[in-house]
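One file, entry08.pdb, is given below (PDB, C-alpha atoms and all ligand atoms).
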```
ATOM      1  CA  MET A 665       3.243  17.222  10.069
ATOM      2  CA  GLN A 666       5.519  15.389   7.621
ATOM      3  CA  THR A 667       5.900  12.331   9.836
ATOM      4  CA  LEU A 668       6.853   9.999   6.979
ATOM      5  CA  LYS A 669       9.361  12.208   5.193
ATOM      6  CA  ASP A 670      12.875  10.690   5.273
ATOM      7  CA  LYS A 671      11.583   7.591   7.097
ATOM      8  CA  VAL A 672      12.510   3.994   6.342
ATOM      9  CA  ILE A 673       9.268   2.076   5.797
ATOM     10  CA  LEU A 674       8.609  -1.657   5.419
ATOM     11  CA  ILE A 675       5.361  -2.727   3.718
ATOM     12  CA  THR A 676       4.145  -6.328   3.570
ATOM     13  CA  GLY A 677       2.085  -7.626   0.635
ATOM     14  CA  ALA A 678       3.473  -4.779  -1.487
ATOM     15  CA  ASN A 679       3.180  -6.455  -4.885
ATOM     16  CA  ARG A 680      -0.501  -5.610  -5.509
ATOM     17  CA  GLY A 681      -3.642  -3.992  -4.130
ATOM     18  CA  ILE A 682      -3.433  -1.571  -1.226
ATOM     19  CA  GLY A 683       0.179  -2.605  -0.456
ATOM     20  CA  LYS A 684       1.356  -1.569  -3.918
ATOM     21  CA  SER A 685      -0.546   1.717  -3.564
ATOM     22  CA  LEU A 686       1.039   2.289  -0.149
ATOM     23  CA  VAL A 687       4.498   1.969  -1.722
ATOM     24  CA  LYS A 688       3.599   4.659  -4.270
ATOM     25  CA  ALA A 689       2.022   6.910  -1.607
ATOM     26  CA  SER A 690       5.090   6.478   0.651
ATOM     27  CA  LEU A 691       7.352   7.552  -2.229
ATOM     28  CA  GLU A 692       5.176  10.641  -2.683
ATOM     29  CA  LYS A 693       5.454  11.380   1.051
ATOM     30  CA  GLY A 694       9.248  11.528   0.689
ATOM     31  CA  ALA A 695      10.223   8.286   2.431
ATOM     32  CA  ARG A 696      13.982   7.710   2.448
ATOM     33  CA  LYS A 697      13.739   3.986   1.747
ATOM     34  CA  ILE A 698      10.892   1.507   1.329
ATOM     35  CA  TYR A 699      11.288  -2.205   1.842
ATOM     36  CA  ALA A 700       8.547  -3.576  -0.415
ATOM     37  CA  THR A 701       7.999  -7.203   0.538
ATOM     38  CA  SER A 702       6.182  -9.964  -1.291
ATOM     39  CA  ARG A 703       5.778 -13.734  -1.080
ATOM     40  CA  ASP A 704       6.998 -13.971  -4.666
ATOM     41  CA  LEU A 705       9.452 -11.390  -6.002
ATOM     42  CA  ASN A 706       8.511 -12.346  -9.583
ATOM     43  CA  LYS A 707       5.164 -10.658  -8.891
ATOM     44  CA  MET A 708       6.720  -7.407  -7.655
ATOM     45  CA  PRO A 709       6.070  -4.445  -9.971
ATOM     46  CA  ASN A 710       8.913  -2.153 -10.965
ATOM     47  CA  PHE A 711       8.295   1.028  -8.983
ATOM     48  CA  GLY A 712      10.978   2.842 -10.986
ATOM     49  CA  ASP A 713      12.552   4.420  -7.911
ATOM     50  CA  TYR A 714      15.936   3.642  -6.337
ATOM     51  CA  ARG A 715      14.402   4.047  -2.859
ATOM     52  CA  VAL A 716      12.361   0.827  -3.215
ATOM     53  CA  VAL A 717      14.144  -2.335  -2.058
ATOM     54  CA  SER A 718      12.253  -5.566  -2.800
ATOM     55  CA  LEU A 719      12.468  -8.445  -0.335
ATOM     56  CA  GLU A 720      10.846 -11.864  -0.271
ATOM     57  CA  LEU A 721       8.556 -12.375   2.711
ATOM     58  CA  ASP A 722       5.735 -14.665   3.710
ATOM     59  CA  ILE A 723       4.568 -13.348   7.090
ATOM     60  CA  THR A 724       3.623 -16.842   8.283
ATOM     61  CA  ASP A 725       7.217 -18.049   7.826
ATOM     62  CA  LYS A 726       9.423 -17.158  10.797
ATOM     63  CA  THR A 727      12.618 -18.129   8.946
ATOM     64  CA  GLN A 728      11.812 -15.636   6.195
ATOM     65  CA  ILE A 729      10.963 -12.969   8.779
ATOM     66  CA  SER A 730      14.383 -13.477  10.436
ATOM     67  CA  ARG A 731      16.065 -13.180   7.045
ATOM     68  CA  VAL A 732      14.257  -9.879   6.321
ATOM     69  CA  LEU A 733      15.021  -8.624   9.821
ATOM     70  CA  LYS A 734      18.756  -9.044   9.170
ATOM     71  CA  LYS A 735      18.519  -6.996   5.952
ATOM     72  CA  ALA A 736      16.070  -4.323   7.104
ATOM     73  CA  THR A 737      17.758  -3.210  10.321
ATOM     74  CA  ASP A 738      16.944   0.458   9.707
ATOM     75  CA  VAL A 739      13.121   0.203   9.613
ATOM     76  CA  GLU A 740      11.275   3.011  11.411
ATOM     77  CA  VAL A 741       7.725   2.437  10.159
ATOM     78  CA  LEU A 742       6.238  -1.053   9.829
ATOM     79  CA  ILE A 743       3.125  -1.327   7.655
ATOM     80  CA  ASN A 744       1.458  -4.711   8.169
ATOM     81  CA  ASN A 745      -0.681  -4.783   5.053
ATOM     82  CA  ALA A 746      -0.529  -8.454   3.951
ATOM     83  CA  GLY A 747      -3.814 -10.259   4.363
ATOM     84  CA  ILE A 748      -6.177 -12.830   2.903
ATOM     85  CA  LEU A 749      -9.937 -13.278   2.824
ATOM     86  CA  SER A 750     -11.772 -16.590   2.723
ATOM     87  CA  GLN A 751     -15.483 -16.534   1.935
ATOM     88  CA  GLY A 752     -17.765 -18.533   4.189
ATOM     89  CA  ASN A 753     -20.135 -18.327   7.097
ATOM     90  CA  ILE A 754     -19.644 -19.777  10.564
ATOM     91  CA  LEU A 755     -22.040 -22.726  10.264
ATOM     92  CA  GLU A 756     -21.129 -24.043   6.817
ATOM     93  CA  GLY A 757     -17.931 -22.295   5.699
ATOM     94  CA  GLU A 758     -14.729 -24.317   5.185
ATOM     95  CA  LEU A 759     -12.829 -24.436   8.480
ATOM     96  CA  ILE A 760      -9.533 -24.442   6.606
ATOM     97  CA  GLY A 761     -10.392 -21.005   5.190
ATOM     98  CA  MET A 762     -11.074 -19.653   8.666
ATOM     99  CA  GLU A 763      -7.813 -21.155   9.938
ATOM    100  CA  ASN A 764      -5.865 -19.586   7.074
ATOM    101  CA  ASP A 765      -7.404 -16.158   7.679
ATOM    102  CA  MET A 766      -6.356 -16.401  11.313
ATOM    103  CA  LYS A 767      -2.892 -17.714  10.397
ATOM    104  CA  VAL A 768      -2.108 -14.819   8.049
ATOM    105  CA  ASN A 769      -4.167 -11.858   9.287
ATOM    106  CA  TYR A 770      -3.746 -12.426  13.026
ATOM    107  CA  TYR A 771      -0.730 -14.654  13.759
ATOM    108  CA  GLY A 772       1.251 -13.458  10.730
ATOM    109  CA  THR A 773       0.856  -9.823  11.785
ATOM    110  CA  ILE A 774       1.748 -10.721  15.372
ATOM    111  CA  ASN A 775       4.909 -12.462  14.062
ATOM    112  CA  MET A 776       5.902  -9.236  12.330
ATOM    113  CA  MET A 777       5.234  -7.009  15.341
ATOM    114  CA  ARG A 778       7.196  -9.293  17.678
ATOM    115  CA  ALA A 779      10.138  -9.451  15.292
ATOM    116  CA  PHE A 780      10.341  -5.744  14.456
ATOM    117  CA  VAL A 781       9.593  -3.984  17.749
ATOM    118  CA  PRO A 782      13.215  -4.149  19.007
ATOM    119  CA  ILE A 783      14.399  -2.595  15.727
ATOM    120  CA  LEU A 784      11.686   0.072  15.773
ATOM    121  CA  GLU A 785      12.597   0.903  19.332
ATOM    122  CA  SER A 786      16.251   1.427  18.564
ATOM    123  CA  ASN A 787      15.794   3.277  15.257
ATOM    124  CA  SER A 788      13.533   6.172  15.981
ATOM    125  CA  SER A 789      11.949   8.172  18.733
ATOM    126  CA  SER A 790       8.769   8.374  16.652
ATOM    127  CA  ALA A 791       8.510   4.866  15.215
ATOM    128  CA  ARG A 792       5.176   3.526  14.036
ATOM    129  CA  ILE A 793       3.309   0.322  13.395
ATOM    130  CA  ILE A 794       0.392   0.581  10.968
ATOM    131  CA  ASN A 795      -1.854  -2.487  10.873
ATOM    132  CA  MET A 796      -4.384  -2.998   8.090
ATOM    133  CA  VAL A 797      -7.471  -4.165   9.922
ATOM    134  CA  SER A 798     -10.992  -3.725   8.443
ATOM    135  CA  ILE A 799     -14.395  -2.289   9.246
ATOM    136  CA  ALA A 800     -15.395  -5.991   9.473
ATOM    137  CA  ALA A 801     -13.516  -6.068  12.800
ATOM    138  CA  TYR A 802     -16.272  -3.953  14.344
ATOM    139  CA  SER A 803     -19.189  -6.109  13.263
ATOM    140  CA  PRO A 804     -19.173  -9.297  11.171
ATOM    141  CA  LEU A 805     -20.777  -9.893   7.813
ATOM    142  CA  PRO A 806     -21.745 -13.600   7.885
ATOM    143  CA  PHE A 807     -20.462 -14.441   4.379
ATOM    144  CA  ILE A 808     -16.939 -13.442   5.464
ATOM    145  CA  ALA A 809     -17.298 -14.471   9.100
ATOM    146  CA  GLY A 810     -13.861 -16.103   9.476
ATOM    147  CA  TYR A 811     -12.177 -13.069   7.941
ATOM    148  CA  ALA A 812     -14.148 -10.743  10.245
ATOM    149  CA  ALA A 813     -13.101 -12.811  13.282
ATOM    150  CA  SER A 814      -9.434 -12.678  12.239
ATOM    151  CA  LYS A 815      -9.654  -8.897  11.836
ATOM    152  CA  ALA A 816     -11.486  -8.488  15.163
ATOM    153  CA  ALA A 817      -8.637 -10.461  16.757
ATOM    154  CA  LEU A 818      -6.124  -8.248  14.967
ATOM    155  CA  LEU A 819      -7.905  -5.081  16.117
ATOM    156  CA  SER A 820      -7.690  -6.339  19.685
ATOM    157  CA  ALA A 821      -3.989  -7.211  19.294
ATOM    158  CA  THR A 822      -3.338  -3.791  17.729
ATOM    159  CA  GLN A 823      -4.978  -2.004  20.640
ATOM    160  CA  ALA A 824      -3.134  -4.182  23.176
ATOM    161  CA  VAL A 825       0.227  -3.471  21.518
ATOM    162  CA  ARG A 826      -0.613   0.234  21.402
ATOM    163  CA  ILE A 827      -0.856   0.206  25.194
ATOM    164  CA  GLU A 828       2.224  -2.023  25.593
ATOM    165  CA  LEU A 829       4.359   0.293  23.450
ATOM    166  CA  ALA A 830       2.999   3.647  24.606
ATOM    167  CA  LYS A 831       5.904   4.226  26.987
ATOM    168  CA  LYS A 832       8.440   3.231  24.338
ATOM    169  CA  GLY A 833       7.406   5.994  21.963
ATOM    170  CA  ILE A 834       6.151   3.643  19.243
ATOM    171  CA  ILE A 835       2.785   4.784  17.916
ATOM    172  CA  VAL A 836       0.420   2.018  16.768
ATOM    173  CA  HIS A 837      -2.330   2.709  14.223
ATOM    174  CA  SER A 838      -5.201   0.537  13.043
ATOM    175  CA  VAL A 839      -6.570   1.119   9.535
ATOM    176  CA  ASN A 840     -10.174   0.044   9.036
ATOM    177  CA  PRO A 841     -11.361   0.363   5.457
ATOM    178  CA  GLY A 842     -14.552  -0.923   3.917
ATOM    179  CA  ALA A 843     -14.490  -2.522   0.481
ATOM    180  CA  ILE A 844     -11.683  -1.230  -1.753
ATOM    181  CA  ASP A 845     -11.346  -2.053  -5.452
ATOM    182  CA  THR A 846      -8.603  -4.729  -5.286
ATOM    183  CA  ASP A 847      -8.312  -8.447  -6.110
ATOM    184  CA  MET A 848      -9.750  -9.165  -2.665
ATOM    185  CA  ASN A 849     -13.141  -7.972  -3.986
ATOM    186  CA  LYS A 850     -12.853  -9.367  -7.501
ATOM    187  CA  GLY A 851     -16.299  -9.889  -8.993
ATOM    188  CA  SER A 852     -18.045  -7.655  -6.481
ATOM    189  CA  GLU A 853     -20.657  -5.244  -7.838
ATOM    190  CA  TRP A 854     -20.123  -2.735  -5.030
ATOM    191  CA  ASP A 855     -19.090   0.794  -5.829
ATOM    192  CA  MET A 856     -15.584   0.876  -4.354
ATOM    193  CA  PRO A 857     -12.821   3.473  -4.102
ATOM    194  CA  ALA A 858      -9.482   2.799  -5.832
ATOM    195  CA  PRO A 859      -6.528   1.655  -3.686
ATOM    196  CA  ASP A 860      -4.276   4.547  -4.841
ATOM    197  CA  GLU A 861      -6.780   7.075  -3.495
ATOM    198  CA  ILE A 862      -7.218   5.157  -0.217
ATOM    199  CA  ALA A 863      -3.451   4.713   0.347
ATOM    200  CA  LYS A 864      -2.915   8.475   0.135
ATOM    201  CA  ILE A 865      -5.708   9.121   2.650
ATOM    202  CA  ILE A 866      -4.282   6.471   5.021
ATOM    203  CA  LEU A 867      -0.861   8.127   5.070
ATOM    204  CA  ASP A 868      -2.385  11.610   5.446
ATOM    205  CA  LYS A 869      -4.334  10.380   8.461
ATOM    206  CA  VAL A 870      -1.210   8.726   9.927
ATOM    207  CA  GLU A 871       0.588  12.058   9.607
ATOM    208  CA  ALA A 872      -2.405  13.816  11.200
ATOM    209  CA  GLY A 873      -1.969  11.519  14.209
ATOM    210  CA  GLU A 874      -5.229   9.531  13.911
ATOM    211  CA  LEU A 875      -4.895   6.207  15.710
ATOM    212  CA  ASP A 876      -7.932   4.310  14.443
ATOM    213  CA  ILE A 877      -8.191   5.287  10.807
ATOM    214  CA  VAL A 878     -11.223   4.822   8.549
ATOM    215  CA  PRO A 879     -10.045   6.028   5.133
ATOM    216  CA  ASP A 880     -13.245   5.843   3.075
ATOM    217  CA  ASP A 881     -16.185   8.189   3.644
ATOM    218  CA  MET A 882     -18.904   5.552   3.320
ATOM    219  CA  ARG A 883     -17.348   3.325   6.006
ATOM    220  CA  LEU A 884     -16.603   6.338   8.183
ATOM    221  CA  GLY A 885     -20.387   6.618   8.446
ATOM    222  CA  MET A 886     -20.525   2.943   9.519
ATOM    223  CA  TYR A 887     -17.716   3.473  12.021
ATOM    224  CA  ASN A 888     -19.492   6.493  13.495
ATOM    225  CA  THR A 889     -22.699   4.452  13.732
ATOM    226  CA  TRP A 890     -20.741   1.777  15.647
ATOM    227  CA  ARG A 891     -19.264   4.427  17.952
ATOM    228  CA  GLU A 892     -22.737   5.724  18.705
ATOM    229  CA  ASP A 893     -24.158   2.255  19.357
ATOM    230  CA  PRO A 894     -22.483  -1.046  18.239
ATOM    231  CA  SER A 895     -25.885  -2.734  17.868
ATOM    232  CA  LYS A 896     -26.794  -0.204  15.134
ATOM    233  CA  LEU A 897     -23.897  -1.351  12.922
ATOM    234  CA  ALA A 898     -24.882  -4.979  13.566
ATOM    235  CA  GLU A 899     -28.397  -4.066  12.429
ATOM    236  CA  MET A 900     -27.064  -2.456   9.234
ATOM    237  CA  PHE A 901     -25.103  -5.620   8.434
ATOM    238  CA  HIS A 902     -28.120  -7.779   9.258
ATOM    239  CA  ASN A 903     -30.165  -5.797   6.736
ATOM    240  CA  MET A 904     -27.384  -5.985   4.145
ATOM    241  CA  TYR A 905     -27.119  -9.786   4.604
ATOM    242  CA  HIS A 906     -30.845 -10.349   4.328
ATOM    243  CA  GLY A 907     -31.224  -7.902   1.430
ATOM    244  CA  GLU A 908     -33.397  -5.451   3.370
ATOM    245  CA  GLN A 909     -32.981  -1.674   2.942
TER     246      GLN A 909
HETATM  247  N1  LIG B1001      -9.729  -4.589  -0.286
HETATM  248  C1  LIG B1001     -10.543  -4.372   0.726
HETATM  249  O1  LIG B1001     -11.744  -4.192   0.550
HETATM  250  C2  LIG B1001     -10.035  -4.327   2.142
HETATM  251  C3  LIG B1001     -10.874  -3.806   3.134
HETATM  252  C4  LIG B1001     -10.428  -3.781   4.450
HETATM  253  C5  LIG B1001      -9.165  -4.247   4.756
HETATM  254  N2  LIG B1001      -8.371  -4.737   3.781
HETATM  255  C6  LIG B1001      -7.062  -5.264   4.160
HETATM  256  O2  LIG B1001      -6.056  -4.570   3.461
HETATM  257  C7  LIG B1001      -4.943  -5.436   3.233
HETATM  258  C8  LIG B1001      -4.595  -5.461   1.750
HETATM  259  O3  LIG B1001      -5.724  -5.950   1.055
HETATM  260  P1  LIG B1001      -5.882  -5.855  -0.536
HETATM  261  O4  LIG B1001      -7.258  -5.472  -0.787
HETATM  262  O5  LIG B1001      -4.784  -5.077  -1.126
HETATM  263  O6  LIG B1001      -5.742  -7.404  -0.896
HETATM  264  P2  LIG B1001      -5.095  -8.136  -2.148
HETATM  265  O7  LIG B1001      -5.186  -7.299  -3.356
HETATM  266  O8  LIG B1001      -5.706  -9.487  -2.144
HETATM  267  O9  LIG B1001      -3.547  -8.247  -1.730
HETATM  268  C9  LIG B1001      -3.169  -8.964  -0.602
HETATM  269  C10 LIG B1001      -1.666  -8.905  -0.461
HETATM  270  O10 LIG B1001      -1.293  -9.656   0.711
HETATM  271  C11 LIG B1001      -0.309 -10.612   0.320
HETATM  272  N3  LIG B1001      -0.307 -11.787   1.176
HETATM  273  C12 LIG B1001      -1.280 -12.697   1.370
HETATM  274  N4  LIG B1001      -0.861 -13.643   2.226
HETATM  275  C13 LIG B1001       0.416 -13.328   2.570
HETATM  276  C14 LIG B1001       1.378 -13.918   3.416
HETATM  277  N5  LIG B1001       1.147 -15.062   4.067
HETATM  278  N6  LIG B1001       2.585 -13.310   3.533
HETATM  279  C15 LIG B1001       2.850 -12.164   2.863
HETATM  280  N7  LIG B1001       1.989 -11.573   2.037
HETATM  281  C16 LIG B1001       0.775 -12.147   1.893
HETATM  282  C17 LIG B1001      -0.651 -10.938  -1.134
HETATM  283  O11 LIG B1001       0.451 -11.578  -1.754
HETATM  284  P3  LIG B1001       0.262 -12.561  -3.029
HETATM  285  O12 LIG B1001       0.155 -11.663  -4.226
HETATM  286  O13 LIG B1001       1.490 -13.393  -3.016
HETATM  287  O14 LIG B1001      -0.990 -13.351  -2.810
HETATM  288  C18 LIG B1001      -0.934  -9.546  -1.654
HETATM  289  O15 LIG B1001       0.258  -8.856  -1.896
HETATM  290  C19 LIG B1001      -5.361  -6.807   3.780
HETATM  291  O16 LIG B1001      -4.870  -6.960   5.084
HETATM  292  C20 LIG B1001      -6.869  -6.714   3.788
HETATM  293  O17 LIG B1001      -7.467  -7.588   4.715
HETATM  294  C21 LIG B1001      -8.775  -4.797   2.476
END
```
Please express what this file holds, its structure, as structure tokens.
Ligand SMILES: NC(=O)c1ccc[n+]([C@@H]2O[C@H](COP(=O)([O-])OP(=O)(O)OC[C@H]3O[C@@H](n4cnc5c(N)ncnc54)[C@H](OP(=O)(O)O)[C@@H]3O)[C@@H](O)[C@H]2O)c1
Amino acid sequence: MQTLKDKVILITGANRGIGKSLVKASLEKGARKIYATSRDLNKMPNFGDYRVVSLELDITDKTQISRVLKKATDVEVLINNAGILSQGNILEGELIGMENDMKVNYYGTINMMRAFVPILESNSSSARIINMVSIAAYSPLPFIAGYAASKAALLSATQAVRIELAKKGIIVHSVNPGAIDTDMNKGSEWDMPAPDEIAKIILDKVEAGELDIVPDDMRLGMYNTWREDPSKLAEMFHNMYHGEQ
């Protein structure tokens, strides 16, 4: 089903990483218009397509959200991609990092959903919210424990909103990748898929109607392990953390 063809899509954090790739993948899917938002428009790449409209947006700033809301009154698909990751474990990590992860990944995304639901409701009978969560929401890795907690909170909020909006015809997806080759993983030695490849898979799975999407094969294995028995994924992460095979 070509769910995204001719749709008006708003993507947060669209200047780099997965957000930038989602803009390109949305263009390929035939979107009518894409609001590509970024905290700093000087960082926005030129997508070379008249359908891309760039807007300034920090998702933690309610004044900026209201400003975008007034300009983007025709949005039908909201992609909450913007996010940050602070390194650190629970016992010794910087609390400020954990607070920031929560402020952007959880409260920032909630700000966006609250602001845009009335518009989504009035613009389309098949509107969508697509939230970028993470496989870390299902079980934490201690060196990114604050990030994992913020994504677990976001997964919960995503599932709650899915139920809240079910009768309003707005479909709510969670996207739960593992490590992707973006700035977020700069310096990592892991073998990671490229964001362009992952963005295409995400949109294919949205169009296929998958609600909880795991776009990379390796993490799909982890997700299936979690579905079988959550303690098995926790054990895998324990072994990864302690360097055991
Ligand atoms: N890469 C991965 O391995 C991975 C795995 C699972 C989930 N995810 C999730 O996927 C999403 C995109 O990640 P990525 O890998 O593309 O990360 P990235 O390359 O670090 O890009 C993050 C994007 O979010 C923006 N952003 C950060 N704080 C913001 C705020 N307060 N308001 C608006 N925009 C903000 C950044 O803008 P600036 O350029 O201004 O900083 C940037 O555009 C995130 O939600 C991330 O948690 C990533």
*Interatomic distance (Å, one decimal) between atom CA of Asp876 of chain A and atom CA of Leu719 of chain A*: 28.2 Å
Please, which residues have at least one atom within 6 Å of an atom of ligand LIG 1001 (chain B), using all atoms listed in the file, listed as a PDB file with C-alpha atoms, keeping the file's coordinate frame?
```pdb
ATOM      1  CA  THR A 676       4.145  -6.328   3.570  1.00  0.00           C
ATOM      2  CA  GLY A 677       2.085  -7.626   0.635  1.00  0.00           C
ATOM      3  CA  ALA A 678       3.473  -4.779  -1.487  1.00  0.00           C
ATOM      4  CA  ASN A 679       3.180  -6.455  -4.885  1.00  0.00           C
ATOM      5  CA  ARG A 680      -0.501  -5.610  -5.509  1.00  0.00           C
ATOM      6  CA  GLY A 681      -3.642  -3.992  -4.130  1.00  0.00           C
ATOM      7  CA  ILE A 682      -3.433  -1.571  -1.226  1.00  0.00           C
ATOM      8  CA  GLY A 683       0.179  -2.605  -0.456  1.00  0.00           C
ATOM      9  CA  SER A 702       6.182  -9.964  -1.291  1.00  0.00           C
ATOM     10  CA  ARG A 703       5.778 -13.734  -1.080  1.00  0.00           C
ATOM     11  CA  ASP A 704       6.998 -13.971  -4.666  1.00  0.00           C
ATOM     12  CA  LEU A 721       8.556 -12.375   2.711  1.00  0.00           C
ATOM     13  CA  ASP A 722       5.735 -14.665   3.710  1.00  0.00           C
ATOM     14  CA  ILE A 723       4.568 -13.348   7.090  1.00  0.00           C
ATOM     15  CA  THR A 724       3.623 -16.842   8.283  1.00  0.00           C
ATOM     16  CA  ASN A 745      -0.681  -4.783   5.053  1.00  0.00           C
ATOM     17  CA  ALA A 746      -0.529  -8.454   3.951  1.00  0.00           C
ATOM     18  CA  GLY A 747      -3.814 -10.259   4.363  1.00  0.00           C
ATOM     19  CA  ILE A 748      -6.177 -12.830   2.903  1.00  0.00           C
ATOM     20  CA  VAL A 768      -2.108 -14.819   8.049  1.00  0.00           C
ATOM     21  CA  MET A 796      -4.384  -2.998   8.090  1.00  0.00           C
ATOM     22  CA  VAL A 797      -7.471  -4.165   9.922  1.00  0.00           C
ATOM     23  CA  SER A 798     -10.992  -3.725   8.443  1.00  0.00           C
ATOM     24  CA  ASN A 840     -10.174   0.044   9.036  1.00  0.00           C
ATOM     25  CA  PRO A 841     -11.361   0.363   5.457  1.00  0.00           C
ATOM     26  CA  GLY A 842     -14.552  -0.923   3.917  1.00  0.00           C
ATOM     27  CA  ALA A 843     -14.490  -2.522   0.481  1.00  0.00           C
ATOM     28  CA  ILE A 844     -11.683  -1.230  -1.753  1.00  0.00           C
ATOM     29  CA  ASP A 845     -11.346  -2.053  -5.452  1.00  0.00           C
ATOM     30  CA  THR A 846      -8.603  -4.729  -5.286  1.00  0.00           C
ATOM     31  CA  ASP A 847      -8.312  -8.447  -6.110  1.00  0.00           C
ATOM     32  CA  MET A 848      -9.750  -9.165  -2.665  1.00  0.00           C
TER      33      MET A 848
END
```
*Counting only C-alpha atoms, which of A:Glu853, A:Glu740, A:Glu720, A:Asp881 gets nearest to Ile698 of chain A?*
A:Glu740
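Within the 12 Å cut-off around Glu861 of chain A, using only C-alpha atoms and omitting residues fewer than 4 positions from it on the same chain, the listed residues are Gly681, Ile682, Lys684, Ser685, Leu686, Lys688, Ala689, Ile844, Asp845, Met856, Pro857, Ile865, Ile866, Leu867, Asp868, Pro879, Asp880 and Asp881 of chain A.
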Serialized selection, C-alpha atoms, as a JSON list (two decimals), keeping the file's coordinate frame:
```
[["chain", "number", "residue", "atom", "x", "y", "z"],
["A", 681, "GLY", "CA", -3.64, -3.99, -4.13],
["A", 682, "ILE", "CA", -3.43, -1.57, -1.23],
["A", 684, "LYS", "CA", 1.36, -1.57, -3.92],
["A", 685, "SER", "CA", -0.55, 1.72, -3.56],
["A", 686, "LEU", "CA", 1.04, 2.29, -0.15],
["A", 688, "LYS", "CA", 3.60, 4.66, -4.27],
["A", 689, "ALA", "CA", 2.02, 6.91, -1.61],
["A", 844, "ILE", "CA", -11.68, -1.23, -1.75],
["A", 845, "ASP", "CA", -11.35, -2.05, -5.45],
["A", 856, "MET", "CA", -15.58, 0.88, -4.35],
["A", 857, "PRO", "CA", -12.82, 3.47, -4.10],
["A", 865, "ILE", "CA", -5.71, 9.12, 2.65],
["A", 866, "ILE", "CA", -4.28, 6.47, 5.02],
["A", 867, "LEU", "CA", -0.86, 8.13, 5.07],
["A", 868, "ASP", "CA", -2.38, 11.61, 5.45],
["A", 879, "PRO", "CA", -10.04, 6.03, 5.13],
["A", 880, "ASP", "CA", -13.24, 5.84, 3.08],
["A", 881, "ASP", "CA", -16.18, 8.19, 3.64]]
```
*In Å, with one decimal, what is the gap from atom CA of Ser803 of chain A to atom CA of Gly873 of chain A?*
24.7 Å
_For Ile799 of chain A: contacts at 10 Å, only C-alpha atoms, fewer than 4 positions along chain excluded, given as a PyMOL selection string_ = chain A and resi 803-804+812+815-816+819+839-843+877-878+883-884+886-887+890
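Between atom CA of Ala779 of chain A and atom CA of Tyr714 of chain A there is a distance of 25.9 Å.
Applied to the file shown here, the PyMOL selection byres (((chain A and resi 808) around 8) and not hetatm) selects A:Leu749, A:Ser750, A:Gln751, A:Gly752, A:Asn753, A:Pro804, A:Leu805, A:Pro806, A:Phe807, A:Ala809, A:Gly810, A:Tyr811, A:Ala812.
If you measure from each of A:Lys671, A:Arg792, A:Asp713, A:Lys864 to Arg696 of chain A using all atoms listed in the file, the closest one turns out to be A:Lys671.
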*List the residues selected by the PyMOL selection byres (((chain A and resi 739) around 9) and not hetatm) in the file shown, writing them as a ChimeraX atom specification.*
/A:671-674,697-699,736-738,740-742,780,783-784,787-788,791
What are the centre and the three edge lengths of an axis-aligned box that wraps all atoms of segment 845-855 of chain A in the file, given that 6 Å is added to every side, written as JSON and rounded to one decimal in Å?
```
{"center_x": -14.5, "center_y": -4.5, "center_z": -5.8, "size_x": 24.3, "size_y": 22.7, "size_z": 18.3}
```
*asked:* Applying 10 Å and only C-alpha atoms, which residues near Leu818 of chain A remain after dropping the ones on its own chain fewer than 4 positions away? List them as an MDAnalysis selection string.
replied: chainID A and resid 766 769:774 795:798 801 812:814 822:824 838
*For Ile675 of chain A, which residue among A:Ile862, A:Lys767, A:Asp725, A:Ile743 is the nearest when counting all atoms listed in the file?*
A:Ile743
*Result set, the PyMOL selection byres (((chain A and resi 695) around 6) and not hetatm) on current file, as a PyMOL selection string*: chain A and resi 668-671+690-691+693-694+696-697
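Of the listed residues (A:Ser895, A:Thr727, A:Ser820, A:Asn744), A:Asn744 comes nearest to Ile794 of chain A; the distances count all atoms listed in the file.
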